[in-house]
>>> print(open('input-v2.csv').read())   # CSV, C-alpha atoms
chain,number,residue,atom,x,y,z
A,1,MET,CA,-6.5,-10.0,48.0
A,2,LEU,CA,-4.3,-7.7,45.9
A,3,SER,CA,-1.4,-10.0,46.0
A,4,ALA,CA,-3.6,-12.9,44.9
A,5,ILE,CA,-5.0,-11.1,41.8
A,6,GLN,CA,-1.8,-9.3,40.6
A,7,PRO,CA,0.3,-12.2,39.2
A,8,PRO,CA,-2.4,-13.5,36.7
A,9,ARG,CA,-3.1,-9.9,35.6
A,10,GLY,CA,0.6,-9.3,35.1
A,11,ARG,CA,1.0,-12.5,33.0
A,12,ALA,CA,-2.0,-11.4,30.8
A,13,LEU,CA,-0.4,-8.0,30.3
A,14,ARG,CA,2.9,-9.5,29.4
A,15,LEU,CA,1.2,-11.8,27.0
A,16,ARG,CA,-0.7,-9.0,25.3
A,17,ARG,CA,2.5,-7.0,25.0
A,18,GLY,CA,4.3,-10.0,23.6
A,19,VAL,CA,1.6,-10.5,20.9
A,20,ALA,CA,1.7,-6.7,20.1
A,21,VAL,CA,5.5,-6.8,19.7
A,22,ALA,CA,5.3,-9.8,17.5
A,23,ILE,CA,2.7,-8.3,15.2
A,24,GLY,CA,4.7,-5.0,15.1
A,25,LEU,CA,7.9,-6.8,14.2
A,26,PHE,CA,6.1,-8.8,11.5
A,27,LEU,CA,4.6,-5.7,10.0
A,28,PHE,CA,7.8,-3.7,10.2
A,29,GLY,CA,9.8,-6.5,8.5
A,30,GLY,CA,7.1,-7.1,5.9
A,31,PHE,CA,6.9,-3.4,5.0
A,32,ILE,CA,10.7,-3.1,4.8
A,33,GLY,CA,10.9,-6.2,2.6
A,34,LEU,CA,8.2,-4.8,0.2
A,35,GLY,CA,10.1,-1.5,0.0
A,36,VAL,CA,13.3,-3.3,-0.8
A,37,TRP,CA,11.5,-5.4,-3.4
A,38,GLN,CA,10.1,-2.2,-5.1
A,39,LEU,CA,13.6,-0.7,-5.2
A,40,GLN,CA,14.8,-3.9,-7.0
A,41,ARG,CA,11.9,-3.6,-9.4
A,42,LEU,CA,12.9,0.0,-10.0
A,43,THR,CA,16.4,-1.1,-11.0
A,44,TRP,CA,15.0,-3.7,-13.3
A,45,LYS,CA,12.5,-1.3,-14.9
A,46,LEU,CA,15.1,1.4,-15.5
A,47,ASP,CA,17.4,-1.3,-17.1
A,48,LEU,CA,14.5,-2.5,-19.2
A,49,ILE,CA,13.7,1.1,-20.4
A,50,ALA,CA,17.3,1.8,-21.2
A,51,HIS,CA,17.6,-1.5,-23.2
A,52,VAL,CA,14.3,-0.9,-25.1
A,53,GLU,CA,15.3,2.7,-26.0
A,54,GLN,CA,18.6,1.5,-27.3
A,55,ARG,CA,17.2,-1.4,-29.3
A,56,VAL,CA,14.2,0.3,-31.0
A,57,HIS,CA,16.4,3.1,-32.3
A,58,ALA,CA,19.2,0.9,-33.5
A,59,VAL,CA,19.9,0.2,-37.1
A,60,PRO,CA,17.6,-2.7,-38.1
A,61,ILE,CA,19.3,-6.2,-38.4
A,62,ASP,CA,18.3,-9.5,-40.0
A,63,PRO,CA,16.1,-11.7,-37.9
A,64,PRO,CA,17.8,-14.5,-35.9
A,65,GLY,CA,17.9,-17.7,-37.9
A,66,PRO,CA,17.3,-21.3,-36.8
A,67,ALA,CA,20.8,-21.7,-35.4
A,68,LEU,CA,20.1,-19.0,-32.8
A,69,TRP,CA,16.6,-19.9,-31.9
A,70,PRO,CA,17.5,-22.0,-28.8
A,71,SER,CA,19.4,-19.1,-27.3
A,72,ILE,CA,16.8,-16.3,-27.8
A,73,THR,CA,15.6,-14.8,-24.5
A,74,SER,CA,13.4,-11.8,-23.6
A,75,ALA,CA,16.2,-10.1,-21.7
A,76,ALA,CA,18.7,-10.3,-24.6
A,77,ASP,CA,16.5,-10.0,-27.7
A,78,GLU,CA,13.1,-8.6,-27.2
A,79,TYR,CA,12.4,-5.2,-28.9
A,80,ARG,CA,15.4,-5.6,-31.3
A,81,HIS,CA,14.9,-3.6,-34.5
A,82,ILE,CA,14.5,-6.2,-37.3
A,83,GLN,CA,14.3,-6.1,-41.0
A,84,LEU,CA,13.3,-9.0,-43.2
A,85,SER,CA,12.1,-9.7,-46.7
A,86,GLY,CA,9.9,-12.5,-48.1
A,87,ARG,CA,6.4,-13.3,-49.1
A,88,PHE,CA,3.2,-13.4,-47.0
A,89,MET,CA,1.5,-16.8,-46.9
A,90,LYS,CA,-2.0,-15.8,-47.8
A,91,GLY,CA,-5.0,-17.6,-46.3
A,92,LYS,CA,-3.2,-18.3,-43.0
A,93,ASP,CA,-4.0,-15.1,-41.1
A,94,SER,CA,-4.8,-15.2,-37.4
A,95,PHE,CA,-6.8,-12.6,-35.6
A,96,VAL,CA,-5.8,-12.1,-32.0
A,97,GLN,CA,-8.1,-10.0,-29.8
A,98,ALA,CA,-6.6,-6.6,-28.9
A,99,VAL,CA,-7.5,-3.4,-27.1
A,100,THR,CA,-5.4,-0.5,-28.3
A,101,VAL,CA,-5.5,3.3,-28.4
A,102,LYS,CA,-7.6,2.8,-31.5
A,103,GLY,CA,-10.2,0.9,-29.6
A,104,PRO,CA,-11.1,-2.8,-29.5
A,105,GLY,CA,-10.3,-5.0,-32.4
A,106,PHE,CA,-7.6,-7.5,-33.4
A,107,TRP,CA,-4.0,-8.0,-34.2
A,108,LEU,CA,-3.5,-9.4,-37.7
A,109,LEU,CA,-0.8,-12.1,-37.6
A,110,THR,CA,0.3,-13.4,-41.0
A,111,PRO,CA,3.2,-15.9,-41.6
A,112,LEU,CA,5.9,-14.6,-43.8
A,113,ARG,CA,8.2,-17.0,-45.6
A,114,SER,CA,11.5,-15.2,-45.5
A,115,ASP,CA,14.1,-15.1,-48.2
A,116,ALA,CA,16.3,-17.2,-45.8
A,117,GLY,CA,13.7,-20.0,-46.0
A,118,PHE,CA,12.2,-20.0,-42.6
A,119,VAL,CA,8.8,-18.7,-41.5
A,120,VAL,CA,8.3,-15.7,-39.2
A,121,LEU,CA,4.9,-14.7,-37.8
A,122,VAL,CA,4.4,-11.0,-38.5
A,123,ASN,CA,2.0,-8.9,-36.5
A,124,ARG,CA,1.0,-6.6,-39.4
A,125,GLY,CA,-0.9,-4.3,-37.0
A,126,PHE,CA,-4.3,-3.5,-35.6
A,127,VAL,CA,-7.6,-4.0,-37.5
A,128,PRO,CA,-11.0,-3.0,-36.3
A,129,GLN,CA,-13.8,-5.5,-35.6
A,130,GLY,CA,-15.4,-6.8,-38.7
A,131,TRP,CA,-12.4,-6.1,-41.0
A,132,ARG,CA,-11.2,-8.8,-43.3
A,133,PRO,CA,-8.5,-8.8,-45.9
A,134,SER,CA,-9.4,-8.9,-49.6
A,135,PRO,CA,-9.5,-12.5,-50.8
A,136,GLN,CA,-6.3,-13.7,-52.6
A,137,GLY,CA,-4.7,-17.0,-53.4
A,138,ALA,CA,-3.1,-18.9,-50.5
A,139,ASP,CA,0.0,-19.9,-52.4
A,140,ALA,CA,3.0,-17.9,-51.0
A,141,ARG,CA,4.7,-18.0,-54.4
A,142,THR,CA,2.0,-15.9,-55.9
A,143,SER,CA,2.2,-13.2,-53.2
A,144,PRO,CA,4.3,-10.1,-53.9
A,145,ARG,CA,7.6,-9.9,-52.2
A,146,VAL,CA,7.6,-7.5,-49.2
A,147,ARG,CA,10.1,-5.9,-47.0
A,148,ILE,CA,9.2,-5.6,-43.3
A,149,THR,CA,10.8,-3.6,-40.5
A,150,GLY,CA,9.6,-3.9,-36.9
A,151,LEU,CA,10.4,-5.1,-33.4
A,152,LEU,CA,11.2,-8.6,-32.3
A,153,ARG,CA,8.7,-9.8,-29.7
A,154,MET,CA,8.6,-13.0,-27.6
A,155,SER,CA,5.7,-15.5,-27.9
A,156,GLU,CA,2.8,-15.1,-25.5
A,157,PRO,CA,1.7,-18.6,-24.5
A,158,ASN,CA,-1.4,-19.7,-22.7
A,159,GLY,CA,-3.8,-16.9,-23.7
A,160,ALA,CA,-4.8,-13.9,-21.8
A,161,PHE,CA,-5.9,-13.6,-18.2
A,162,LEU,CA,-8.8,-16.0,-17.6
A,163,ARG,CA,-9.1,-16.5,-21.4
A,164,ALA,CA,-7.3,-19.4,-22.9
A,165,ASN,CA,-6.6,-19.6,-26.6
A,166,ARG,CA,-9.1,-21.9,-28.4
A,167,PRO,CA,-7.3,-23.1,-31.6
A,168,LEU,CA,-10.1,-25.5,-32.6
A,169,ASP,CA,-12.5,-22.5,-32.7
A,170,ASP,CA,-9.9,-20.2,-34.2
A,171,ARG,CA,-10.2,-17.8,-31.2
A,172,TRP,CA,-7.0,-16.2,-30.0
A,173,TYR,CA,-6.4,-14.0,-27.0
A,174,SER,CA,-2.6,-13.9,-27.1
A,175,ARG,CA,0.1,-14.1,-29.7
A,176,ASP,CA,1.1,-17.7,-29.0
A,177,VAL,CA,3.6,-18.4,-31.8
A,178,ALA,CA,3.9,-22.1,-31.3
A,179,GLU,CA,0.1,-22.7,-31.0
A,180,ILE,CA,-0.7,-20.5,-34.0
A,181,ALA,CA,2.0,-22.3,-36.1
A,182,ARG,CA,0.5,-25.7,-35.2
A,183,ALA,CA,-3.0,-24.5,-36.0
A,184,ARG,CA,-1.9,-23.2,-39.4
A,185,GLY,CA,0.3,-26.1,-40.3
A,186,LEU,CA,3.5,-24.1,-40.4
A,187,VAL,CA,7.0,-25.7,-40.2
A,188,ALA,CA,10.4,-24.1,-39.6
A,189,THR,CA,8.7,-21.2,-37.7
A,190,ALA,CA,10.7,-18.8,-35.6
A,191,PRO,CA,9.8,-18.9,-31.9
A,192,TYR,CA,9.3,-15.1,-31.9
A,193,PHE,CA,7.1,-12.7,-33.9
A,194,ILE,CA,7.7,-9.3,-35.4
A,195,ASP,CA,5.6,-6.2,-34.6
A,196,ALA,CA,5.5,-4.4,-37.9
A,197,ASP,CA,6.2,-0.7,-37.9
A,198,ALA,CA,3.8,2.1,-39.0
A,199,THR,CA,4.6,1.9,-42.7
A,200,PRO,CA,1.7,3.7,-44.5
A,201,LEU,CA,-0.7,1.5,-46.4
A,202,VAL,CA,-3.0,2.5,-49.1
A,203,GLU,CA,-6.1,0.7,-47.7
A,204,GLY,CA,-5.4,2.0,-44.1
A,205,TRP,CA,-5.5,-1.4,-42.5
A,206,PRO,CA,-3.8,-3.1,-40.7
A,207,LEU,CA,-2.3,-0.2,-38.7
A,208,GLY,CA,1.2,-1.1,-37.5
A,209,GLY,CA,3.6,0.8,-35.1
A,210,LEU,CA,1.4,0.4,-32.0
A,211,THR,CA,3.9,-1.5,-30.0
A,212,VAL,CA,4.0,-0.2,-26.4
A,213,ILE,CA,7.5,0.9,-25.7
A,214,HIS,CA,6.8,3.3,-22.9
A,215,PHE,CA,6.5,1.6,-19.6
A,216,ARG,CA,4.9,2.8,-16.4
A,217,ASN,CA,7.4,3.3,-13.7
A,218,SER,CA,5.9,3.9,-10.2
A,219,HIS,CA,8.2,1.7,-8.2
A,220,LEU,CA,9.8,4.6,-6.4
A,221,ILE,CA,6.5,5.8,-5.2
A,222,TYR,CA,5.5,2.3,-4.0
A,223,ALA,CA,8.9,1.9,-2.2
A,224,PHE,CA,8.3,5.2,-0.4
A,225,THR,CA,4.8,4.1,0.6
A,226,TRP,CA,6.1,0.8,2.1
A,227,PHE,CA,9.0,2.5,3.9
A,228,SER,CA,6.6,5.1,5.3
A,229,LEU,CA,4.4,2.4,6.7
A,230,ALA,CA,7.4,0.7,8.2
A,231,ALA,CA,8.4,4.0,9.8
A,232,MET,CA,4.8,4.4,11.2
A,233,VAL,CA,5.0,1.0,12.8
A,234,ALA,CA,8.4,1.8,14.3
A,235,LEU,CA,7.0,5.0,15.8
A,236,TRP,CA,4.0,3.2,17.2
A,237,GLY,CA,6.4,0.7,18.8
A,238,VAL,CA,8.5,3.4,20.3
A,239,ARG,CA,5.5,5.2,21.7
A,240,ALA,CA,4.1,2.0,23.1
A,241,LEU,CA,7.4,1.2,24.8
A,242,VAL,CA,7.6,4.7,26.3
A,243,GLU,CA,4.0,4.4,27.6
A,244,ASP,CA,4.7,1.0,29.0
A,245,GLN,CA,7.8,2.2,30.9
A,246,SER,CA,5.7,5.2,32.2
A,247,GLU,CA,3.0,2.8,33.5
A,248,ARG,CA,5.6,0.6,35.1
A,249,ARG,CA,7.0,3.5,37.0
A,250,SER,CA,3.6,4.7,38.1
A,251,ALA,CA,2.6,1.3,39.3
A,252,ALA,CA,5.9,0.6,41.1
A,253,PRO,CA,4.8,2.1,44.6
A,254,PHE,CA,1.7,-0.1,44.6
A,255,SER,CA,3.5,-3.3,43.8
A,256,ARG,CA,5.3,-3.6,47.2
A,257,SER,CA,4.1,-6.3,49.6
A,258,PRO,CA,2.8,-5.1,53.1
A,259,ALA,CA,5.6,-7.0,54.6
A,260,ASP,CA,8.0,-4.5,53.0
A,261,ASP,CA,6.6,-1.8,55.3
A,262,VAL,CA,7.1,-3.7,58.5
A,263,ARG,CA,9.7,-2.0,60.6
A,264,VAL,CA,11.8,-4.0,63.1
>>> encode(input="input-v2.csv", output="structure tokens")
Amino acid sequence: MLSAIQPPRGRALRLRRGVAVAIGLFLFGGFIGLGVWQLQRLTWKLDLIAHVEQRVHAVPIDPPGPALWPSITSAADEYRHIQLSGRFMKGKDSFVQAVTVKGPGFWLLTPLRSDAGFVVLVNRGFVPQGWRPSPQGADARTSPRVRITGLLRMSEPNGAFLRANRPLDDRWYSRDVAEIARARGLVATAPYFIDADATPLVEGWPLGGLTVIHFRNSHLIYAFTWFSLAAMVALWGVRALVEDQSERRSAAPFSRSPADDVRV
């Protein structure tokens, strides 16, 4: 009876062990992969922080002109310290929904026709809900000449998470340069925008200088967490292997066939 039952039971045990080993190897490999990915993200984040720190404190330079627009990238150009002069194009403001340290409100984006002839969208800063600029003429030639310093930022297409921009309703959830330029009828517009600095204003609004340049960096903690989970899986596997070997040794005397005890 024992010899008839044992083989199917042994196959079932081997199958369960095989499944457990496969799951363990999958988890171990997955956790190791996630840990390595977090270390790669850590390297990227440290490089980003170093580049941003270097760029925001550099001497301001002129904004890239049309000849350089096709080659502008986030990695090479974002957060560069920029200076530009020109005249704001009144009547073409765009209010982009924002949540800042000052509370909910809007970013005020106004096109500026630069002295070089092309147009740059300038994020003049944060304004609270309900604020509107004092009415003035829309002709850029009648606007006073201004000098702006700030940081170059890349366009933010497609709106915010689960909230697409609605140009026809003049509702904006991201600073999508191309879409805003189309909606305002702007031509020769730079593919980036400028976050204006915190130059004091008599009326108090808009409030510039709110660009986030301090980035959260928790990748090392995440990497430690994933590697710790991988170590736990490995320890569980070693323990299971030891217990399996112990059970095999304990069951060995009972696995012999009665014929093995026949003496001639």
>>> residues_around(input="input-v2.csv", residues="Ser74 (chain A)", least_positions_apart="3", cutoff="8 Å", atoms="only C-alpha atoms", output="VMD selection string")
chain A and resid 77 to 78 153 to 154
>>> closest_residue(input="input-v2.csv", among="A:Tyr173, A:Phe215, A:Trp205, A:Trp236", to="Phe95 (chain A)", atoms="all atoms listed in the file")
A:Tyr173
>>> closest_residue(input="input-v2.csv", among="A:Gln40, A:Asn165, A:Gln54, A:Ser114", to="Tyr79 (chain A)", atoms="only C-alpha atoms")
A:Gln54
>>> closest_residue(input="input-v2.csv", among="A:Val122, A:Ala223, A:Leu210, A:Leu241", to="Thr189 (chain A)", atoms="all atoms listed in the file")
A:Val122
>>> closest_residue(input="input-v2.csv", among="A:Leu15, A:Ala160, A:Leu48, A:Val96", to="Ala75 (chain A)", atoms="only C-alpha atoms")
A:Leu48
>>> residues_around(input="input-v2.csv", residues="Glu53 (chain A)", least_positions_apart="2", cutoff="12 Å", atoms="all atoms listed in the file", output="number ranges by chain")
A: 46-51, 55-58, 78-81, 151, 212-215
>>> residues_around(input="input-v2.csv", residues="Gln83 (chain A)", least_positions_apart="3", cutoff="9 Å", atoms="all atoms listed in the file", output="list of chain:residue names")
A:Pro60, A:Ile61, A:Asp62, A:Pro63, A:Arg147, A:Ile148, A:Thr149, A:Gly150, A:Leu151
>>> residues_near_point(input="input-v2.csv", point="(3.3, 2.7, 12.5)", cutoff="12 Å", atoms="only C-alpha atoms", output="list in words")
Ile23, Gly24, Leu25, Phe26, Leu27, Phe28, Gly29, Phe31, Trp226, Phe227, Ser228, Leu229, Ala230, Ala231, Met232, Val233, Ala234, Leu235, Trp236, Gly237, Val238, Arg239 and Ala240 of chain A
>>> atom_distance(input="input-v2.csv", atom1="CA of Gly130 (chain A)", atom2="CA of Phe106 (chain A)")
9.5 Å
>>> atom_distance(input="input-v2.csv", atom1="CA of Arg184 (chain A)", atom2="CA of Pro128 (chain A)")
22.4 Å
>>> atom_distance(input="input-v2.csv", atom1="CA of Trp131 (chain A)", atom2="CA of Trp107 (chain A)")
11.0 Å
>>> closest_residue(input="input-v2.csv", among="A:Ile32, A:Gln245, A:Thr110, A:Arg124", to="Ala198 (chain A)", atoms="all atoms listed in the file")
A:Arg124
>>> closest_residue(input="input-v2.csv", among="A:Arg216, A:Gly204, A:Pro191, A:Gly209", to="Ala67 (chain A)", atoms="all atoms listed in the file")
A:Pro191
